[in-house]
Every structure is written in C-alpha cells, then in structure tokens.
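Trainee: You'll find target-v5.cif just under this line, and it carries mmCIF, C-alpha atoms.
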data_entry
loop_
_atom_site.label_atom_id
_atom_site.label_comp_id
_atom_site.auth_asym_id
_atom_site.auth_seq_id
_atom_site.Cartn_x
_atom_site.Cartn_y
_atom_site.Cartn_z
CA ALA A 899 206.98 -35.42 -52.78
CA GLN A 900 203.79 -33.61 -51.96
CA SER A 901 200.45 -34.29 -53.64
CA VAL A 902 196.86 -33.08 -53.53
CA THR A 903 193.66 -35.10 -53.78
CA GLN A 904 190.27 -33.64 -54.55
CA LEU A 905 187.94 -36.60 -54.23
CA ASP A 906 184.90 -34.99 -55.82
CA SER A 907 185.14 -34.13 -59.50
CA GLN A 908 181.67 -32.51 -59.45
CA VAL A 909 179.46 -31.19 -56.65
CA PRO A 910 175.84 -30.14 -57.31
CA VAL A 911 174.32 -27.80 -54.73
CA PHE A 912 171.05 -25.90 -54.58
CA GLU A 913 171.26 -22.13 -54.52
CA GLU A 914 171.49 -20.66 -51.00
CA ALA A 915 172.51 -24.06 -49.57
CA PRO A 916 175.88 -24.58 -47.86
CA VAL A 917 178.72 -26.33 -49.63
CA GLU A 918 181.97 -28.06 -48.69
CA LEU A 919 184.61 -28.97 -51.25
CA ARG A 920 187.06 -31.54 -49.96
CA CYS A 921 190.84 -31.44 -50.28
CA ASN A 922 193.43 -33.76 -48.77
CA TYR A 923 197.16 -33.42 -49.16
CA SER A 924 200.18 -35.62 -48.66
CA SER A 925 203.53 -34.29 -47.52
CA SER A 926 206.30 -35.29 -45.11
CA VAL A 927 207.11 -31.64 -44.35
CA SER A 928 205.14 -28.51 -43.53
CA VAL A 929 203.22 -26.98 -46.39
CA TYR A 930 201.44 -23.90 -47.67
CA LEU A 931 197.91 -24.55 -48.91
CA PHE A 932 195.84 -22.66 -51.47
CA TRP A 933 192.41 -22.66 -53.04
CA TYR A 934 191.94 -21.22 -56.53
CA VAL A 935 188.75 -20.64 -58.52
CA GLN A 936 188.40 -20.74 -62.30
CA TYR A 937 185.29 -19.17 -63.83
CA PRO A 938 184.33 -20.23 -67.38
CA ASN A 939 186.77 -19.03 -70.02
CA GLN A 940 189.08 -17.45 -67.49
CA GLY A 941 192.34 -18.20 -65.73
CA LEU A 942 192.69 -19.23 -62.09
CA GLN A 943 192.13 -16.71 -59.31
CA LEU A 944 193.41 -17.07 -55.75
CA LEU A 945 190.52 -17.53 -53.27
CA LEU A 946 192.51 -17.94 -50.08
CA LYS A 947 195.71 -19.40 -48.66
CA TYR A 948 197.04 -20.91 -45.47
CA LEU A 949 200.63 -20.05 -44.56
CA SER A 950 200.70 -20.40 -40.78
CA GLY A 951 198.84 -19.34 -37.63
CA SER A 952 195.06 -19.59 -37.33
CA THR A 953 193.74 -22.75 -38.95
CA LEU A 954 190.57 -21.03 -40.19
CA VAL A 955 191.29 -18.92 -43.24
CA LYS A 956 188.81 -16.51 -44.78
CA GLY A 957 188.95 -15.64 -48.47
CA ILE A 958 187.10 -13.68 -51.08
CA ASN A 959 183.43 -14.11 -52.05
CA GLY A 960 182.45 -15.47 -48.61
CA PHE A 961 184.57 -18.63 -48.82
CA GLU A 962 186.61 -20.02 -45.94
CA ALA A 963 188.80 -23.07 -45.41
CA GLU A 964 190.06 -24.91 -42.37
CA PHE A 965 193.52 -26.45 -42.10
CA ASN A 966 193.48 -29.74 -40.22
CA LYS A 967 197.01 -31.06 -39.76
CA SER A 968 196.03 -34.35 -38.14
CA GLN A 969 193.70 -35.21 -41.02
CA THR A 970 195.92 -33.55 -43.64
CA SER A 971 192.89 -31.74 -45.00
CA PHE A 972 192.06 -28.23 -46.19
CA HIS A 973 188.35 -28.28 -47.01
CA LEU A 974 186.68 -25.23 -48.58
CA ARG A 975 183.29 -24.08 -47.31
CA LYS A 976 180.65 -21.48 -47.99
CA PRO A 977 177.47 -21.16 -45.88
CA SER A 978 175.21 -20.06 -48.77
CA VAL A 979 176.09 -20.37 -52.44
CA HIS A 980 174.91 -18.27 -55.37
CA ILE A 981 174.58 -18.92 -59.07
CA SER A 982 177.70 -16.80 -59.57
CA ASP A 983 179.74 -19.38 -57.64
CA THR A 984 179.44 -21.79 -60.56
CA ALA A 985 183.08 -22.52 -61.38
CA GLU A 986 185.89 -25.02 -60.99
CA TYR A 987 187.79 -24.99 -57.73
CA PHE A 988 191.39 -26.13 -57.36
CA CYS A 989 193.19 -27.03 -54.15
CA ALA A 990 196.97 -26.63 -54.23
CA VAL A 991 199.99 -27.26 -52.01
CA SER A 992 203.59 -26.12 -51.80
CA ILE A 993 206.44 -26.92 -49.42
CA MET A 994 206.89 -24.30 -46.70
CA ASN A 995 209.97 -22.09 -46.74
CA ARG A 996 211.16 -23.30 -50.12
CA ASP A 997 210.95 -21.49 -53.43
CA ASP A 998 209.29 -24.52 -54.94
CA LYS A 999 206.44 -24.92 -57.34
CA ILE A 1000 202.79 -25.16 -56.40
CA ILE A 1001 201.15 -28.55 -57.05
CA PHE A 1002 197.48 -28.41 -58.07
CA GLY A 1003 194.70 -30.92 -57.54
CA LYS A 1004 192.49 -32.09 -60.40
CA GLY A 1005 189.74 -29.65 -59.55
CA THR A 1006 186.10 -29.84 -58.40
CA ARG A 1007 183.35 -28.44 -60.58
CA LEU A 1008 180.66 -26.71 -58.51
CA HIS A 1009 177.18 -26.77 -60.08
CA ILE A 1010 174.65 -24.44 -58.53
CA LEU A 1011 171.07 -25.66 -59.03
CA PRO A 1012 168.23 -23.10 -59.09
CA GLU B 857 192.10 -7.78 -65.46
CA THR B 858 194.45 -9.76 -63.22
CA GLY B 859 197.73 -8.03 -64.06
CA VAL B 860 198.89 -10.90 -66.28
CA THR B 861 197.89 -10.44 -69.93
CA GLN B 862 197.92 -13.26 -72.46
CA THR B 863 197.54 -12.87 -76.20
CA PRO B 864 195.90 -14.07 -78.29
CA ARG B 865 192.85 -15.30 -76.36
CA HIS B 866 192.01 -17.82 -79.08
CA LEU B 867 194.24 -19.44 -81.70
CA VAL B 868 193.50 -21.98 -84.40
CA MET B 869 196.52 -23.36 -86.21
CA GLY B 870 197.35 -26.13 -88.61
CA MET B 871 199.86 -28.82 -87.77
CA THR B 872 202.50 -27.29 -90.04
CA ASN B 873 202.12 -23.72 -88.78
CA LYS B 874 204.43 -21.77 -86.49
CA LYS B 875 202.85 -19.44 -83.95
CA SER B 876 203.73 -17.84 -80.63
CA LEU B 877 201.80 -17.22 -77.44
CA LYS B 878 202.63 -14.09 -75.46
CA CYS B 879 202.39 -13.39 -71.75
CA GLU B 880 203.06 -10.02 -70.12
CA GLN B 881 203.07 -8.92 -66.48
CA HIS B 882 203.88 -5.60 -64.89
CA LEU B 883 203.46 -6.71 -61.30
CA GLY B 884 207.18 -6.74 -60.58
CA HIS B 885 207.16 -10.51 -60.21
CA ASN B 886 210.38 -12.49 -60.61
CA ALA B 887 209.04 -15.87 -61.72
CA MET B 888 206.85 -16.83 -64.66
CA TYR B 889 205.22 -20.14 -65.59
CA TRP B 890 203.52 -21.90 -68.49
CA TYR B 891 200.74 -24.39 -67.69
CA LYS B 892 198.70 -26.60 -70.01
CA GLN B 893 195.08 -27.27 -69.07
CA SER B 894 193.34 -30.06 -70.99
CA ALA B 895 189.81 -31.30 -70.49
CA LYS B 896 189.48 -33.87 -67.69
CA LYS B 897 193.22 -33.70 -66.85
CA PRO B 898 195.02 -31.88 -64.05
CA LEU B 899 196.98 -28.72 -64.67
CA GLU B 900 200.33 -29.60 -66.22
CA LEU B 901 203.33 -27.42 -65.41
CA MET B 902 205.35 -26.99 -68.60
CA PHE B 903 208.06 -24.42 -67.91
CA VAL B 904 209.29 -22.28 -65.03
CA TYR B 905 211.43 -19.17 -65.35
CA SER B 906 212.95 -17.47 -62.34
CA LEU B 907 214.81 -14.20 -62.84
CA GLU B 908 214.69 -14.86 -66.59
CA GLU B 909 216.45 -18.23 -66.32
CA ARG B 910 214.67 -21.47 -67.04
CA VAL B 911 214.67 -23.50 -63.84
CA GLU B 912 212.34 -26.30 -64.79
CA ASN B 913 211.24 -28.08 -67.94
CA ASN B 914 208.84 -30.91 -67.24
CA SER B 915 209.74 -33.17 -70.16
CA VAL B 916 207.81 -31.06 -72.62
CA PRO B 917 208.11 -32.03 -76.33
CA SER B 918 210.52 -29.90 -78.32
CA ARG B 919 207.69 -28.60 -80.51
CA PHE B 920 207.06 -26.23 -77.57
CA SER B 921 209.85 -23.70 -77.11
CA PRO B 922 209.72 -21.06 -74.33
CA GLU B 923 211.46 -17.72 -74.33
CA CYS B 924 211.81 -15.20 -71.51
CA PRO B 925 213.57 -12.08 -72.83
CA ASN B 926 213.00 -10.11 -69.60
CA SER B 927 211.19 -10.45 -66.30
CA SER B 928 207.98 -8.97 -67.72
CA HIS B 929 207.54 -11.08 -70.84
CA LEU B 930 207.23 -14.77 -71.55
CA PHE B 931 206.62 -16.44 -74.89
CA LEU B 932 205.71 -19.96 -75.95
CA HIS B 933 206.76 -20.70 -79.52
CA LEU B 934 204.78 -23.45 -81.22
CA HIS B 935 205.67 -25.48 -84.32
CA THR B 936 204.46 -28.70 -85.92
CA LEU B 937 201.90 -29.29 -83.19
CA GLN B 938 199.58 -32.28 -82.93
CA PRO B 939 195.79 -32.28 -82.39
CA GLU B 940 196.33 -33.55 -78.83
CA ASP B 941 198.13 -30.28 -78.09
CA SER B 942 194.78 -28.49 -78.26
CA ALA B 943 194.19 -27.06 -74.79
CA LEU B 944 194.02 -23.91 -72.70
CA TYR B 945 197.54 -22.56 -72.13
CA LEU B 946 197.85 -20.53 -68.96
CA CYS B 947 200.62 -18.16 -67.99
CA ALA B 948 201.24 -17.28 -64.35
CA SER B 949 203.66 -15.13 -62.42
CA SER B 950 204.71 -14.82 -58.80
CA PRO B 951 207.07 -12.86 -56.58
CA GLN B 952 210.10 -14.78 -55.40
CA GLY B 953 208.66 -17.38 -53.02
CA VAL B 954 205.49 -19.40 -53.47
CA ARG B 955 203.91 -18.15 -50.23
CA TYR B 956 202.38 -15.34 -52.30
CA GLY B 957 200.69 -17.74 -54.70
CA TYR B 958 200.51 -17.32 -58.44
CA THR B 959 198.69 -14.69 -60.50
CA PHE B 960 197.26 -16.26 -63.65
CA GLY B 961 196.38 -14.78 -67.00
CA SER B 962 193.09 -15.60 -68.74
CA GLY B 963 194.76 -18.12 -71.01
CA THR B 964 195.02 -18.82 -74.72
CA ARG B 965 192.57 -21.39 -76.08
CA LEU B 966 194.58 -23.27 -78.71
CA THR B 967 192.99 -25.53 -81.31
CA VAL B 968 195.24 -27.57 -83.60
CA VAL B 969 193.55 -28.74 -86.79
#
Just give me the structure of the file as structure tokens.
Mentor:
Amino acid sequence: AQSVTQLDSQVPVFEEAPVELRCNYSSSVSVYLFWYVQYPNQGLQLLLKYLSGSTLVKGINGFEAEFNKSQTSFHLRKPSVHISDTAEYFCAVSIMNRDDKIIFGKGTRLHILP
Amino acid sequence: ETGVTQTPRHLVMGMTNKKSLKCEQHLGHNAMYWYKQSAKKPLELMFVYSLEERVENNSVPSRFSPECPNSSHLFLHLHTLQPEDSALYLCASSPQGVRYGYTFGSGTRLTVV
C-alpha cells in the first residue's frame, strides 16, 4: 500500500525568504502526487499535481514541486513567501491508472514570520 | 466558493441529539467523500460514494450514517455522538478517476457537548 510522510509538522520562515516543504512517499507502483493547501477555517485547495511528464510542476500562488523518483520525494518550494501563505500544506499520493482513493500526509504548518 | 458547499458551517450538539450534515456539488462529479479532520491527526477517510453507491466504509462507528440520494448531494447523519467526535468534517468530490484530484468544501466544524 502507498503512504506519505511529511517529516516537518511545522516550518517557520521569515517573510520574503524561500521555503521548502518536504514530502516522501512509499509505493511499489507508479503514483500520482498532489499538494493541497488549507487556509484557516477553510477546506483543502489543490495547489498542484504531478501525473506524468516533466518532473517540475508549477502550481498556483507561485508554488512549484519537483518529482524525484529515485528519492521517492515530491518537495514543495516557493522562492519568496508572504504572510498570506500562512496555512497548512498536505502532500498526497494515489496509485496511477486506478480509480483509487487519495492518501494524505499529516500536514505541515507554515508559519510566516514578519 | 469552491463548487462544493457544506452546511452548516458550525454545529454544536448534545450527545443525545440527532443532526445531519449536508454537502452539495454541481460540478458534474461522480464521486463524493466524507473526511474527518481532528487536531494533530491526519485526515481520516470515512466514506466514499461513486455513482451514488457506497464503495468504501473505513470502519466508521454506526453513529455516523451516510446517505447519497443523487450524484449532487451527500449527507452525514449523526446520532448519539461522543465528545471525541468533535472535529472538522470535510466533504469532497471528484470526477471519475483520481488524476483530477478532489474538490473540497469548507467543512462543518462540529462540537459535541
């Protein structure tokens, strides 16, 4: 079965600094990968997804993620964060070419420091 | 507005009450999901409906009862809940096939007193 690990439960970053949120997955077959964001008192919103092709995926709000098959990672990055990026970020995985459920990581809370 | 609407946004209920959570989507999606989100715990998948048929029930206590009368509506009926059931309940929908990801509603914040 597939699984997702987000090693950092919280990441503090100064405003306008770069950030990387780490995600590693485990699966014996090919997967789809997702990043979701949850702002306070809201549901989850899709930031970006990797299905196939180019390993660098660009999403909304200036975020991007890179799929690394050899390291089974899908880290999320942004070159310069803003106060409005304060939220919880969830990495998720699903088995490719199957109508299966999406498995979510435990989430990483991003704190933007002024 | 994401296209998935959940009502009510907040609900406080006693342990002997009966209430229902409602989820509505008009995105033309074929699958709908209930998730429970508790503090400091990962998202828990509760129920999955595909084409109005329940395809998964992750060992959820019987005090939670889902209903999917059509592809646009999903309910979660609640009765005799416990304080540990207090959480954010999220509804999501998706087209057939997970490659499109899920569209989530804003959730219902449930407090059991």
Trainee: Which distance in Å separates atom CA of Asn886 of chain B and atom CA of Ser928 of chain B, to one decimal?
Mentor: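 A separation of 8.3 Å between them.
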Trainee: Run the PyMOL selection byres ((chain A) within 9 of (chain B)) against the file shown and list the residues it catches, as a ChimeraX atom specification.
Mentor: /A:930-932,939-944,947-949,992-1005
Trainee: Suppose a student applies the PyMOL selection byres ((chain B and resi 874) around 8) to this structure; what residues should they get, written as an MDAnalysis selection string?
Mentor: chainID B and resid 872:873 875:876 933:936
Trainee: Write a file of the selected residues as a CSV table (one decimal), in the frame of the given file, keeping C-alpha atoms.
Mentor:
chain,number,residue,atom,x,y,z
B,872,THR,CA,202.5,-27.3,-90.0
B,873,ASN,CA,202.1,-23.7,-88.8
B,875,LYS,CA,202.8,-19.4,-84.0
B,876,SER,CA,203.7,-17.8,-80.6
B,933,HIS,CA,206.8,-20.7,-79.5
B,934,LEU,CA,204.8,-23.4,-81.2
B,935,HIS,CA,205.7,-25.5,-84.3
B,936,THR,CA,204.5,-28.7,-85.9
Trainee: Report, as JSON, the axis-aligned box around all atoms of segment 960-976 of chain A present in the file, extended by 6 Å on each side; give centre and edge lengths in Å to one decimal place.
Mentor:
{"center_x": 188.8, "center_y": -25.3, "center_z": -43.5, "size_x": 28.4, "size_y": 31.7, "size_z": 22.7}
Trainee: Quote the spacing between atom CA of Leu932 of chain B and atom CA of Phe903 of chain B in Å to one decimal place.
Mentor: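 Distance reported for this atom pair: 9.5 Å.
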Trainee: Can you list what the PyMOL selection byres ((chain A and resi 957) around 9) grabs from this structure, as JSON, numbers by chain?
Mentor: {"A": [944, 945, 946, 947, 955, 956, 958, 959, 960, 961, 962, 963]}
Trainee: Counting all atoms listed in the file, which residue out of A:Val929, A:Val917, A:Ala899, A:Ile981 sits closest to Ile1010 of chain A?
Mentor: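 Closest candidate: A:Ile981.
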Trainee: Atom CA of Thr861 of chain B and atom CA of His882 of chain B are how many Å apart?
Mentor: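 These two atoms are separated by 9.2 Å.
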Trainee: Would you mind telling me which residue in B:Val969, B:Ala895, B:Ala887, B:Ala943 lies nearest to Arg910 of chain B when using all atoms listed in the file?
Mentor: B:Ala887
Trainee: Find the residues around Leu905 of chain A up to 9 Å (all atoms listed in the file counted), leave out those fewer than 6 positions away in its own chain, and share them as a ChimeraX atom specification.
Mentor: /A:919-922,1004-1006
Trainee: Which is closest to Leu974 of chain A among A:Gln936, A:Ser950, A:Gln904, A:Ser926, if we use only C-alpha atoms?
Mentor: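 Distance minimum relative to Leu974 of chain A lands on A:Gln904.
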Trainee: Have a look at B:Tyr905, B:Arg919, B:Ser927, B:Val968 and name the one nearest to Glu940 of chain B; count all atoms listed in the file.
Mentor: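 For Glu940 of chain B, the nearest of the candidates is B:Val968.
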